[in-house]
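Visitor: I am sharing work21.csv, which consists of CSV, C-alpha atoms and all ligand atoms:
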chain,number,residue,atom,x,y,z
P,1,MET,CA,20.9,-24.5,-0.8
P,2,SER,CA,23.3,-21.9,0.4
P,3,ASN,CA,21.2,-21.3,3.4
P,4,ALA,CA,22.8,-24.4,5.1
P,5,GLY,CA,26.1,-22.7,5.3
P,6,SER,CA,24.9,-19.3,6.4
P,7,GLY,CA,24.1,-19.8,10.0
P,8,GLY,CA,25.5,-16.5,11.1
P,9,GLY,CA,23.6,-14.7,8.3
P,10,ALA,CA,20.4,-16.3,9.3
P,11,GLY,CA,20.9,-15.3,12.9
P,12,ARG,CA,21.5,-11.8,11.9
P,13,MET,CA,18.4,-11.8,9.7
P,14,VAL,CA,16.3,-13.0,12.6
P,15,ALA,CA,17.5,-10.1,14.6
P,16,VAL,CA,16.5,-7.7,11.8
P,17,VAL,CA,13.1,-9.4,11.6
P,18,ILE,CA,12.6,-8.8,15.3
P,19,VAL,CA,13.6,-5.2,15.0
P,20,ILE,CA,11.2,-4.6,12.2
P,21,VAL,CA,8.4,-6.4,13.9
P,22,LEU,CA,9.1,-4.3,17.0
P,23,GLY,CA,9.2,-1.2,14.9
P,24,GLY,CA,5.7,-2.0,13.7
P,25,GLY,CA,4.6,-1.8,17.3
P,26,CYS,CA,2.5,-4.2,19.2
P,27,ALA,CA,5.2,-6.9,19.3
P,28,GLY,CA,3.6,-8.9,22.0
P,29,ALA,CA,0.6,-9.6,20.0
P,30,GLN,CA,2.4,-10.6,16.8
P,31,ALA,CA,2.1,-14.3,17.4
P,32,GLY,CA,-1.7,-14.0,17.6
P,33,PRO,CA,-4.2,-16.5,18.8
P,34,GLY,CA,-3.8,-18.9,15.8
P,35,ALA,CA,-0.1,-18.8,16.1
P,36,THR,CA,0.1,-19.4,19.8
P,37,SER,CA,-2.4,-22.2,19.8
P,38,THR,CA,-0.5,-24.2,17.1
P,39,ALA,CA,3.1,-23.2,17.7
P,40,THR,CA,3.9,-22.3,21.2
P,41,THR,CA,1.3,-23.8,23.6
P,42,SER,CA,3.0,-25.8,26.3
P,43,THR,CA,2.8,-29.6,26.1
P,44,GLY,CA,-0.4,-29.3,28.2
P,45,ALA,CA,-2.4,-29.0,25.0
P,46,THR,CA,-3.6,-32.5,24.1
P,47,SER,CA,-3.1,-33.8,20.6
P,48,ALA,CA,-6.9,-34.1,20.2
P,49,GLU,CA,-7.2,-30.4,20.9
P,50,ARG,CA,-4.5,-29.7,18.3
P,51,GLY,CA,-6.1,-32.0,15.8
P,52,ARG,CA,-9.3,-30.2,16.1
P,53,ALA,CA,-7.6,-26.8,16.1
P,54,ARG,CA,-6.0,-27.8,12.8
P,55,GLY,CA,-9.3,-27.4,10.9
P,56,LEU,CA,-10.8,-24.7,13.1
P,57,PHE,CA,-7.7,-22.5,13.2
P,58,PRO,CA,-5.9,-21.2,10.1
P,59,VAL,CA,-2.5,-22.3,9.0
P,60,LEU,CA,0.4,-20.4,10.5
P,61,LEU,CA,2.0,-18.3,7.8
P,62,THR,CA,5.7,-19.1,7.7
P,63,ALA,CA,7.7,-18.4,4.6
P,64,ARG,CA,10.7,-20.4,3.5
P,65,ALA,CA,13.9,-18.4,4.1
P,66,ALA,CA,14.7,-17.7,0.4
P,67,TRP,CA,16.3,-14.2,0.9
P,68,SER,CA,19.7,-14.0,2.5
P,69,GLY,CA,20.6,-10.4,1.7
P,70,GLU,CA,20.0,-7.2,3.6
P,71,VAL,CA,16.4,-6.4,4.6
P,72,ARG,CA,15.1,-3.3,3.0
P,73,ALA,CA,12.3,-1.1,4.5
P,74,ALA,CA,9.4,-0.2,2.4
P,75,LYS,CA,7.1,2.6,3.5
P,76,LEU,CA,3.4,1.7,3.6
P,77,ARG,CA,0.6,4.1,4.3
P,78,VAL,CA,-2.6,2.4,5.5
P,79,TRP,CA,-6.0,4.1,5.3
P,80,ALA,CA,-8.9,2.5,7.2
P,81,ASP,CA,-12.3,3.6,5.8
P,82,GLU,CA,-15.3,4.5,8.0
P,83,GLY,CA,-17.0,1.1,7.7
P,84,TYR,CA,-13.8,-0.8,8.7
P,85,ARG,CA,-13.2,1.5,11.7
P,86,ALA,CA,-16.8,1.2,12.9
P,87,LYS,CA,-16.6,-2.6,12.9
P,88,ASN,CA,-13.1,-2.7,14.4
P,89,PRO,CA,-12.7,-0.2,17.2
P,90,ARG,CA,-9.1,-1.3,17.7
P,91,TRP,CA,-8.4,-0.9,14.0
P,92,GLN,CA,-5.0,0.6,14.2
P,93,GLU,CA,-3.6,-2.0,16.6
P,94,GLU,CA,-5.1,-4.8,14.7
P,95,LEU,CA,-3.8,-3.6,11.3
P,96,ASP,CA,-0.4,-3.1,12.8
P,97,ASP,CA,-0.6,-6.7,14.0
P,98,ASP,CA,-1.5,-7.8,10.4
P,99,VAL,CA,1.4,-5.8,8.9
P,100,ALA,CA,3.8,-7.4,11.4
P,101,TYR,CA,2.5,-10.8,10.3
P,102,ALA,CA,2.9,-9.9,6.6
P,103,ASN,CA,6.5,-8.9,7.4
P,104,ARG,CA,7.1,-12.4,8.8
P,105,VAL,CA,6.4,-13.6,5.2
P,106,LEU,CA,7.8,-10.8,3.1
P,107,ILE,CA,11.2,-10.5,4.8
P,108,PRO,CA,12.3,-14.1,4.3
P,109,MET,CA,10.5,-14.2,0.9
P,110,VAL,CA,11.9,-11.0,-0.8
P,111,GLY,CA,13.9,-9.2,1.8
P,112,VAL,CA,11.4,-6.4,2.3
P,113,GLY,CA,10.0,-5.2,5.6
P,114,LEU,CA,6.9,-2.9,5.6
P,115,ALA,CA,7.2,0.2,7.8
P,116,ALA,CA,3.6,1.3,8.1
P,117,GLU,CA,1.8,4.4,9.2
P,118,TYR,CA,-2.0,4.5,9.7
P,119,ARG,CA,-4.6,7.1,8.8
P,120,ALA,CA,-8.4,7.3,9.2
P,121,TRP,CA,-9.9,7.4,5.7
P,122,GLU,CA,-12.9,9.7,5.5
P,123,HIS,CA,-14.5,7.5,2.9
P,124,ARG,CA,-17.1,4.7,3.0
P,125,GLY,CA,-16.3,1.8,0.7
P,126,GLN,CA,-19.2,0.3,-1.3
P,127,ALA,CA,-19.9,-3.4,-1.8
P,128,GLY,CA,-19.0,-4.8,-5.2
P,129,GLU,CA,-16.4,-3.5,-7.6
P,130,LEU,CA,-13.1,-2.5,-6.1
P,131,ALA,CA,-11.8,-0.6,-9.1
P,132,ALA,CA,-13.7,2.5,-7.9
P,133,GLU,CA,-12.2,2.1,-4.4
P,134,LEU,CA,-8.7,2.1,-6.0
P,135,VAL,CA,-9.5,5.4,-7.8
P,136,ALA,CA,-10.9,6.9,-4.6
P,137,LEU,CA,-7.8,5.9,-2.7
P,138,ALA,CA,-5.4,7.4,-5.3
P,139,ARG,CA,-7.3,10.6,-5.1
P,140,THR,CA,-7.0,10.7,-1.3
P,141,ASP,CA,-3.3,9.7,-1.3
P,142,PRO,CA,-1.3,9.8,-4.6
P,143,GLY,CA,1.4,7.9,-2.8
P,144,ASP,CA,4.3,10.4,-2.7
P,145,ASP,CA,7.0,9.1,-0.4
P,146,ALA,CA,5.4,5.7,0.1
P,147,VAL,CA,6.1,2.4,-1.7
P,148,TRP,CA,2.5,1.3,-1.2
P,149,VAL,CA,-0.7,3.0,-0.2
P,150,VAL,CA,-3.3,0.6,1.2
P,151,GLY,CA,-7.0,1.2,1.7
P,152,VAL,CA,-8.8,-1.1,4.1
P,153,LEU,CA,-12.6,-1.5,3.8
P,154,ALA,CA,-15.2,-3.4,5.8
P,155,GLY,CA,-15.8,-7.0,4.8
P,156,ALA,CA,-18.6,-7.9,2.5
P,157,GLY,CA,-20.4,-11.2,2.8
P,158,GLU,CA,-18.8,-14.7,2.7
P,159,SER,CA,-16.8,-14.3,-0.5
P,160,THR,CA,-13.4,-16.0,-0.5
P,161,ASN,CA,-12.5,-14.8,-4.0
P,162,ALA,CA,-9.1,-13.1,-3.8
P,163,GLU,CA,-10.2,-10.4,-6.2
P,164,GLN,CA,-13.4,-9.6,-4.4
P,165,LEU,CA,-11.4,-9.4,-1.1
P,166,GLY,CA,-8.8,-7.1,-2.6
P,167,ALA,CA,-7.4,-5.3,-5.7
P,168,ALA,CA,-4.1,-3.7,-6.7
P,169,GLU,CA,-2.9,-1.3,-9.3
P,170,LEU,CA,0.7,-0.3,-9.2
P,171,GLY,CA,1.4,1.3,-5.9
P,172,HIS,CA,-2.2,1.3,-4.7
P,173,VAL,CA,-3.9,-1.7,-3.0
P,174,VAL,CA,-7.3,-2.1,-1.4
P,175,VAL,CA,-8.3,-5.0,0.9
P,176,ARG,CA,-11.6,-5.9,2.6
P,177,GLY,CA,-11.5,-7.1,6.2
P,178,SER,CA,-13.4,-10.3,7.0
P,179,ALA,CA,-17.1,-10.2,7.8
P,180,PRO,CA,-17.2,-11.4,11.4
P,181,GLY,CA,-20.9,-12.1,11.6
P,182,GLU,CA,-21.0,-14.4,8.6
P,183,GLN,CA,-17.7,-16.1,9.6
P,184,ARG,CA,-19.0,-16.7,13.1
P,185,GLU,CA,-22.1,-18.5,11.7
P,186,ALA,CA,-20.0,-20.5,9.3
P,187,LEU,CA,-17.7,-21.7,12.2
P,188,GLU,CA,-20.7,-22.7,14.3
P,189,ARG,CA,-22.0,-24.8,11.4
P,190,ALA,CA,-18.6,-26.4,10.6
P,191,PHE,CA,-17.4,-26.9,14.2
P,192,PRO,CA,-20.5,-27.5,16.3
P,193,ASP,CA,-18.4,-29.3,19.0
P,194,ALA,CA,-15.9,-26.4,19.6
P,195,SER,CA,-16.4,-24.4,22.7
P,196,PRO,CA,-17.5,-20.8,22.4
P,197,GLU,CA,-14.0,-19.7,23.5
P,198,GLU,CA,-12.3,-21.8,20.9
P,199,ARG,CA,-14.6,-20.4,18.2
P,200,SER,CA,-13.9,-16.9,19.4
P,201,ASP,CA,-10.1,-17.4,19.3
P,202,ALA,CA,-10.5,-19.1,15.9
P,203,LEU,CA,-12.5,-16.2,14.6
P,204,SER,CA,-9.9,-13.7,15.5
P,205,ALA,CA,-7.1,-15.9,14.1
P,206,ARG,CA,-9.0,-16.3,10.8
P,207,ARG,CA,-9.7,-12.6,10.6
P,208,ARG,CA,-5.9,-12.0,10.9
P,209,HIS,CA,-5.0,-14.8,8.5
P,210,GLN,CA,-7.5,-13.6,5.9
P,211,LEU,CA,-6.5,-10.0,5.9
P,212,THR,CA,-2.8,-10.8,6.0
P,213,VAL,CA,-3.1,-13.3,3.1
P,214,VAL,CA,-5.2,-10.9,1.0
P,215,LEU,CA,-2.8,-8.1,1.7
P,216,LEU,CA,0.2,-10.3,0.7
P,217,HIS,CA,-1.7,-11.6,-2.4
P,218,GLN,CA,-2.4,-8.1,-3.6
P,219,LEU,CA,1.0,-6.7,-2.8
P,220,ALA,CA,2.4,-9.6,-4.8
P,221,HIS,CA,0.1,-8.8,-7.7
P,222,SER,CA,1.3,-5.2,-7.5
P,223,LEU,CA,4.8,-6.6,-8.0
P,224,GLY,CA,3.9,-8.6,-11.0
P,225,ALA,CA,3.1,-12.0,-9.3
P,226,GLN,CA,0.4,-14.1,-11.1
P,227,HIS,CA,-2.1,-16.7,-9.9
P,228,GLU,CA,-0.9,-20.2,-9.1
P,229,GLY,CA,-2.9,-23.4,-9.4
P,230,ASP,CA,-2.1,-24.7,-5.9
P,231,ALA,CA,-5.2,-23.9,-3.7
P,232,ASP,CA,-3.0,-23.5,-0.6
P,233,ALA,CA,-0.5,-21.0,-2.2
P,234,ILE,CA,-0.6,-17.3,-1.4
P,235,MET,CA,-1.3,-16.7,-5.1
P,236,SER,CA,-4.3,-19.0,-5.3
P,237,ASP,CA,-7.3,-17.1,-6.6
P,238,HIS,CA,-9.3,-18.0,-3.4
P,239,TRP,CA,-8.6,-17.4,0.2
P,240,SER,CA,-9.0,-20.3,2.7
P,241,PRO,CA,-7.8,-20.9,6.2
P,242,ALA,CA,-5.4,-23.5,4.7
P,243,VAL,CA,-3.5,-21.0,2.6
P,244,THR,CA,0.2,-21.1,3.5
P,245,ALA,CA,3.0,-18.6,2.7
P,246,ALA,CA,4.2,-20.7,-0.2
P,247,ILE,CA,5.0,-19.0,-3.5
P,248,SER,CA,6.4,-20.2,-6.8
P,249,GLU,CA,10.0,-19.3,-7.6
P,250,ASP,CA,8.8,-17.6,-10.8
P,251,ASN,CA,6.5,-15.3,-8.9
P,252,ARG,CA,9.2,-14.6,-6.3
P,253,ARG,CA,11.7,-13.6,-9.0
P,254,ARG,CA,9.1,-11.3,-10.6
P,255,MET,CA,8.5,-9.6,-7.3
P,256,LEU,CA,12.2,-9.2,-6.5
P,257,ARG,CA,12.8,-7.4,-9.9
P,258,GLU,CA,9.9,-5.1,-9.4
P,259,VAL,CA,10.6,-4.3,-5.8
P,260,ASP,CA,14.1,-3.2,-6.6
P,261,GLU,CA,12.7,-0.7,-9.2
P,262,ARG,CA,10.2,0.6,-6.7
P,263,LEU,CA,12.7,1.1,-3.9
P,264,ALA,CA,14.8,3.0,-6.4
P,265,THR,CA,12.1,5.6,-7.1
P,266,GLY,CA,12.9,7.9,-4.2
P,267,ARG,CA,16.5,8.2,-5.3
P,268,GLN,CA,15.4,8.8,-8.9
P,269,VAL,CA,13.2,11.7,-7.9
P,270,ARG,CA,16.0,13.3,-5.9
P,271,GLU,CA,18.3,12.7,-8.9
P,272,ALA,CA,15.8,14.5,-11.2
P,273,GLU,CA,15.6,17.4,-8.9
P,274,ARG,CA,19.4,17.7,-8.8
P,275,LEU,CA,19.7,17.5,-12.6
P,276,LEU,CA,16.9,20.1,-13.1
P,277,ALA,CA,18.6,22.4,-10.7
P,278,ARG,CA,21.8,22.0,-12.8
P,279,GLY,CA,19.9,22.9,-16.0
P,280,ASP,CA,19.9,19.3,-17.3
P,281,ALA,CA,16.1,19.1,-18.1
P,282,ALA,CA,16.6,16.1,-20.5
P,283,GLY,CA,18.5,14.2,-17.9
P,284,ALA,CA,15.8,15.0,-15.3
P,285,LEU,CA,13.1,13.6,-17.7
P,286,VAL,CA,15.1,10.4,-18.1
P,287,ALA,CA,15.4,10.0,-14.3
P,288,LEU,CA,11.6,10.6,-13.9
P,289,ALA,CA,10.4,8.1,-16.5
P,290,PRO,CA,10.5,4.9,-14.4
P,291,VAL,CA,9.0,6.8,-11.4
P,292,LEU,CA,6.0,8.0,-13.5
P,293,ARG,CA,5.6,4.5,-15.0
P,294,LEU,CA,5.4,2.9,-11.5
P,295,TYR,CA,3.6,5.7,-9.7
P,296,PRO,CA,1.6,7.8,-12.2
P,297,ALA,CA,-0.5,9.4,-9.5
P,298,ARG,CA,2.4,10.8,-7.5
P,299,VAL,CA,2.3,14.6,-7.3
P,300,LYS,CA,6.0,15.5,-7.0
P,301,PRO,CA,7.3,13.6,-10.0
P,302,ARG,CA,4.4,15.0,-12.1
P,303,VAL,CA,5.3,18.6,-11.1
P,304,LEU,CA,8.9,17.9,-11.8
P,305,ARG,CA,8.1,16.6,-15.2
P,306,CYS,CA,6.2,19.7,-16.0
P,307,ARG,CA,9.1,21.9,-14.8
P,308,ALA,CA,11.6,19.8,-16.9
P,309,GLU,CA,9.4,20.1,-20.0
P,310,LEU,CA,9.0,23.8,-19.5
P,311,ALA,CA,12.8,24.1,-19.0
P,312,GLN,CA,13.3,22.8,-22.5
P,313,GLY,CA,11.9,26.1,-23.7
P,314,HIS,CA,8.7,25.2,-25.5
P,315,PRO,CA,5.8,25.9,-23.1
P,316,GLN,CA,3.1,25.5,-25.8
P,317,ASP,CA,4.3,22.1,-27.0
P,318,ALA,CA,1.5,19.5,-26.7
P,319,ALA,CA,3.7,17.3,-24.5
P,320,THR,CA,4.5,20.2,-22.2
P,321,VAL,CA,0.9,21.3,-21.9
P,322,ALA,CA,-0.2,17.8,-21.2
P,323,ALA,CA,2.4,17.1,-18.6
P,324,CYS,CA,1.7,20.4,-16.8
P,325,ASP,CA,-2.1,20.0,-17.0
P,326,ALA,CA,-1.7,16.5,-15.5
P,327,ALA,CA,0.4,17.8,-12.7
P,328,ALA,CA,-1.9,20.8,-12.0
P,329,ALA,CA,-4.9,18.5,-11.8
P,330,THR,CA,-3.6,16.6,-8.7
P,331,GLY,CA,-4.3,19.4,-6.2
P,332,ILE,CA,-4.0,23.0,-5.3
P,333,ASP,CA,-0.4,22.8,-4.1
P,334,ALA,CA,0.6,21.3,-7.5
P,335,ALA,CA,-1.6,23.7,-9.4
P,336,LEU,CA,0.2,26.6,-7.7
P,337,ALA,CA,3.6,25.1,-8.5
P,338,VAL,CA,2.7,24.6,-12.1
P,339,ALA,CA,1.3,28.1,-12.5
P,340,THR,CA,4.5,29.5,-11.0
P,341,ALA,CA,6.6,27.3,-13.3
P,342,ARG,CA,4.6,28.3,-16.4
P,343,ARG,CA,4.9,32.0,-15.6
P,344,GLY,CA,8.6,31.5,-15.0
P,345,ALA,CA,8.8,30.0,-18.5
P,346,GLY,CA,7.0,33.1,-20.0
P,347,ASP,CA,3.7,31.2,-20.5
P,348,LEU,CA,1.3,33.8,-19.0
P,349,THR,CA,-2.0,32.2,-20.3
P,350,GLY,CA,-0.9,28.8,-19.3
P,351,ALA,CA,-0.3,30.1,-15.8
P,352,MET,CA,-4.0,30.3,-15.3
P,353,PRO,CA,-5.4,27.3,-13.4
P,354,PRO,CA,-6.4,24.4,-15.6
P,355,ASP,CA,-10.0,23.4,-16.3
P,356,PRO,CA,-10.3,20.2,-14.1
P,357,LEU,CA,-10.2,22.4,-11.0
P,358,PRO,CA,-13.7,23.3,-9.7
P,359,ARG,CA,-14.5,27.0,-9.8
P,360,SER,CA,-14.5,27.2,-6.0
P,361,ALA,CA,-10.9,26.1,-6.0
P,362,LYS,CA,-9.9,28.5,-8.7
P,363,ALA,CA,-10.6,31.6,-6.8
P,364,PRO,CA,-7.5,31.6,-4.5
P,365,LEU,CA,-5.3,30.5,-7.5
P,366,THR,CA,-5.8,33.6,-9.6
P,367,ALA,CA,-3.3,35.5,-7.4
P,368,PRO,CA,-0.7,33.1,-6.2
P,369,ARG,CA,2.2,34.6,-4.3
P,370,VAL,CA,5.4,33.1,-5.4
P,371,GLY,CA,7.1,33.5,-2.1
P,372,LYS,CA,4.2,32.1,0.0
P,373,ARG,CA,4.9,28.4,-0.4
P,374,SER,CA,8.5,28.6,0.7
P,375,ALA,CA,7.7,31.2,3.5
P,376,SER,CA,5.5,28.9,5.4
P,377,ARG,CA,5.4,25.2,4.6
P,378,THR,CA,2.9,24.4,7.4
P,379,SER,CA,0.3,26.9,6.4
P,380,SER,CA,0.7,26.0,2.7
P,381,ARG,CA,0.2,22.4,3.6
P,382,SER,CA,-2.9,22.8,5.7
P,383,TRP,CA,-4.4,24.9,2.9
P,384,SER,CA,-3.7,22.2,0.4
P,385,VAL,CA,-5.5,19.6,2.5
P,386,SER,CA,-8.7,21.6,2.7
P,387,GLY,CA,-8.3,22.5,-1.0
P,388,ARG,CA,-7.8,18.8,-1.9
P,389,SER,CA,-10.9,17.7,-0.3
P,390,ALA,CA,-12.8,20.2,-2.4
P,391,LEU,CA,-11.1,18.6,-5.4
P,392,ARG,CA,-12.8,15.2,-5.0
P,393,VAL,CA,-14.7,15.8,-8.2
P,394,PRO,CA,-14.2,13.3,-11.0
P,395,SER,CA,-11.5,14.7,-13.2
P,396,GLY,CA,-10.9,11.6,-15.3
P,397,ARG,CA,-7.2,11.8,-14.6
P,398,ARG,CA,-6.7,8.1,-14.1
O,1,ZN,ZN,-5.4,-12.5,-7.5
As structure tokens, what does this structure read like?
Guide:
Amino acid sequence: MSNAGSGGGAGRMVAVVIVIVLGGGCAGAQAGPGATSTATTSTGATSAERGRARGLFPVLLTARAAWSGEVRAAKLRVWADEGYRAKNPRWQEELDDDVAYANRVLIPMVGVGLAAEYRAWEHRGQAGELAAELVALARTDPGDDAVWVVGVLAGAGESTNAEQLGAAELGHVVVRGSAPGEQREALERAFPDASPEERSDALSARRRHQLTVVLLHQLAHSLGAQHEGDADAIMSDHWSPAVTAAISEDNRRRMLREVDERLATGRQVREAERLLARGDAAGALVALAPVLRLYPARVKPRVLRCRAELAQGHPQDAATVAACDAAAATGIDAALAVATARRGAGDLTGAMPPDPLPRSAKAPLTAPRVGKRSASRTSSRSWSVSGRSALRVPSGRR
């Protein structure tokens, strides 16, 4: 309604959209094969071609401009597993293209633009249950400094069920890419008259549409959105090439509320650090509570909670012991910080490494040097990475 009178605002938003899309890299490709064939081909394309393309090519994802405020950036860390990278040699470029496409929906929908970085995930996802993949992803990346951590796995079969194609839990999301072999055969059966070139273009447009829709669907779930009955809505429980960027106003409002809380967590962690440094442990615990609710796997807030509990002067209290054990179980860096904090609080037995650490990882921990971590960030970091890979032992911490 108010959009009609906000021409200047809309123009400014388009500029921001372009900046964010460019920031995601690969701007030239963001329109993609599906988009160009339906939206920007010259008048040379015949209406018959377009009509046929309508079924062959997926719908262009274009969201209604419901957000008129400032666009906020949300950091996204994307991990592509071994299977996905093997099937998609240009994985980083293609995923960047998908994220840029998702931004064309998220920005007008809820005013959030994803700023993504990409990592090779030394992990091979299995067919079937995605819950285990979410646990593996959280172990690899607890999500410190990111609003979302996304794991991308190779496609499995012809399933179009949204929950077989992806899953979400708080700040962690996994999605499966499409299975190109199965889809190629399905297209040949459904569109026998299409030329091989058309089918090839359609296949890549569908790959992009599916991954983007599943990513949006699961990000929306992670922000509290629920399924909708409309089969063409982004929150439909099944993907199809006809899915549009439509979302109910109820779901959009849920997402807006939740995204505001998520974007506040970075500030809340800094606030907790500041309060703790001033000796206000109780205030630090209050500041940390929403962060730990939304991001229970994050290492930094867990360690801060342990330090704040210890600062209250009862290192043997059950709550303090539990908070510090939970923090120490996240990795060697955290275990060192916890041991140091416990010793500082006069808890010498508690300063020993906790049980969930494997014995091989315990050895270097028995003699931590307090000054070492601040003396050399880089060396401490690389050490923690090699240590963390040794920690991929089920610890039952989630
Ligand atoms: Zn769903």
Visitor: Find the residues with any atom within 12 Å of (-16.5, -12.8, 6.9); use all atoms listed in the file and the coordinates as given in the file, and write the answer as a PDB file with C-alpha atoms, keeping the file's coordinate frame.
Guide:
ATOM      1  CA  LYS P  87     -16.600  -2.600  12.900  1.00  0.00           C
ATOM      2  CA  ALA P 154     -15.200  -3.400   5.800  1.00  0.00           C
ATOM      3  CA  GLY P 155     -15.800  -7.000   4.800  1.00  0.00           C
ATOM      4  CA  ALA P 156     -18.600  -7.900   2.500  1.00  0.00           C
ATOM      5  CA  GLY P 157     -20.400 -11.200   2.800  1.00  0.00           C
ATOM      6  CA  GLU P 158     -18.800 -14.700   2.700  1.00  0.00           C
ATOM      7  CA  SER P 159     -16.800 -14.300  -0.500  1.00  0.00           C
ATOM      8  CA  THR P 160     -13.400 -16.000  -0.500  1.00  0.00           C
ATOM      9  CA  ASN P 161     -12.500 -14.800  -4.000  1.00  0.00           C
ATOM     10  CA  LEU P 165     -11.400  -9.400  -1.100  1.00  0.00           C
ATOM     11  CA  ARG P 176     -11.600  -5.900   2.600  1.00  0.00           C
ATOM     12  CA  GLY P 177     -11.500  -7.100   6.200  1.00  0.00           C
ATOM     13  CA  SER P 178     -13.400 -10.300   7.000  1.00  0.00           C
ATOM     14  CA  ALA P 179     -17.100 -10.200   7.800  1.00  0.00           C
ATOM     15  CA  PRO P 180     -17.200 -11.400  11.400  1.00  0.00           C
ATOM     16  CA  GLY P 181     -20.900 -12.100  11.600  1.00  0.00           C
ATOM     17  CA  GLU P 182     -21.000 -14.400   8.600  1.00  0.00           C
ATOM     18  CA  GLN P 183     -17.700 -16.100   9.600  1.00  0.00           C
ATOM     19  CA  ARG P 184     -19.000 -16.700  13.100  1.00  0.00           C
ATOM     20  CA  GLU P 185     -22.100 -18.500  11.700  1.00  0.00           C
ATOM     21  CA  ALA P 186     -20.000 -20.500   9.300  1.00  0.00           C
ATOM     22  CA  LEU P 187     -17.700 -21.700  12.200  1.00  0.00           C
ATOM     23  CA  LEU P 203     -12.500 -16.200  14.600  1.00  0.00           C
ATOM     24  CA  SER P 204      -9.900 -13.700  15.500  1.00  0.00           C
ATOM     25  CA  ARG P 206      -9.000 -16.300  10.800  1.00  0.00           C
ATOM     26  CA  ARG P 207      -9.700 -12.600  10.600  1.00  0.00           C
ATOM     27  CA  ARG P 208      -5.900 -12.000  10.900  1.00  0.00           C
ATOM     28  CA  HIS P 209      -5.000 -14.800   8.500  1.00  0.00           C
ATOM     29  CA  GLN P 210      -7.500 -13.600   5.900  1.00  0.00           C
ATOM     30  CA  LEU P 211      -6.500 -10.000   5.900  1.00  0.00           C
ATOM     31  CA  TRP P 239      -8.600 -17.400   0.200  1.00  0.00           C
ATOM     32  CA  SER P 240      -9.000 -20.300   2.700  1.00  0.00           C
ATOM     33  CA  PRO P 241      -7.800 -20.900   6.200  1.00  0.00           C
TER      34      PRO P 241
END
Visitor: Counting only C-alpha atoms and all ligand atoms, which protein, DNA or RNA residues come within 8 Å of ligand ZN 1 (chain O), given as a list in words?
Guide: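 So the residues close to ligand ZN 1 (chain O) are Ala162, Glu163, Ala167, His217, Gln218, His221, Gln226, His227, Met235, Ser236, Asp237 and His238 of chain P.
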Visitor: Next, write the just-selected residues to a file, as an mmCIF file, in the frame of the given file, keeping C-alpha atoms as the atom set.
Guide:
data_model
loop_
_atom_site.group_PDB
_atom_site.id
_atom_site.type_symbol
_atom_site.label_atom_id
_atom_site.label_comp_id
_atom_site.auth_asym_id
_atom_site.auth_seq_id
_atom_site.Cartn_x
_atom_site.Cartn_y
_atom_site.Cartn_z
ATOM 1 C CA ALA P 162 -9.100 -13.100 -3.800
ATOM 2 C CA GLU P 163 -10.200 -10.400 -6.200
ATOM 3 C CA ALA P 167 -7.400 -5.300 -5.700
ATOM 4 C CA HIS P 217 -1.700 -11.600 -2.400
ATOM 5 C CA GLN P 218 -2.400 -8.100 -3.600
ATOM 6 C CA HIS P 221 0.100 -8.800 -7.700
ATOM 7 C CA GLN P 226 0.400 -14.100 -11.100
ATOM 8 C CA HIS P 227 -2.100 -16.700 -9.900
ATOM 9 C CA MET P 235 -1.300 -16.700 -5.100
ATOM 10 C CA SER P 236 -4.300 -19.000 -5.300
ATOM 11 C CA ASP P 237 -7.300 -17.100 -6.600
ATOM 12 C CA HIS P 238 -9.300 -18.000 -3.400
#
Visitor: Can you tell me, as a list in words, what residues are no more than 7 Å from Leu114 in chain P when counting all atoms listed in the file, ignoring any on the same chain fewer than 3 positions away?
Guide: Ala73, Ala74, Lys75, Leu76 and Asn103 of chain P
Visitor: Given the point (5.9, -21.8, -13.5) in the file's coordinates, find the residues that have an atom at most 12 Å from it, counting only C-alpha atoms, and give them as a list in words.
Guide: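 The requested residues, written out, are Ala225, Gln226, His227, Glu228, Gly229, Asp230, Ile247, Ser248, Glu249, Asp250, Asn251, Arg252, Arg253 and Arg254 of chain P.
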Visitor: Extract, using only C-alpha atoms, all DNA, RNA and protein residues at most 10 Å from Gln316 in chain P, discarding same-chain residues fewer than 5 positions from it, and format them as a ChimeraX atom specification.
Guide: /P:310,321-322,342,347,350
Visitor: Identify, on the basis of only C-alpha atoms, every residue whose closest approach to range 140-144 of chain P does not exceed 6 Å; exclude the query and any residue fewer than 3 positions from it along the same chain; express the result as a PyMOL selection string.
Guide: chain P and resi 137+149+297-298
Visitor: What is the CA of Leu56 in chain P to CA of Ala205 in chain P distance in Å?
Guide: 9.6 Å
Visitor: Using only C-alpha atoms, find the one residue out of P:Leu285, P:Val174, P:Val147, P:Ala245 that sits nearest to Glu129 in chain P.
Guide: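 Among the listed residues, the smallest separation from Glu129 in chain P belongs to P:Val174.
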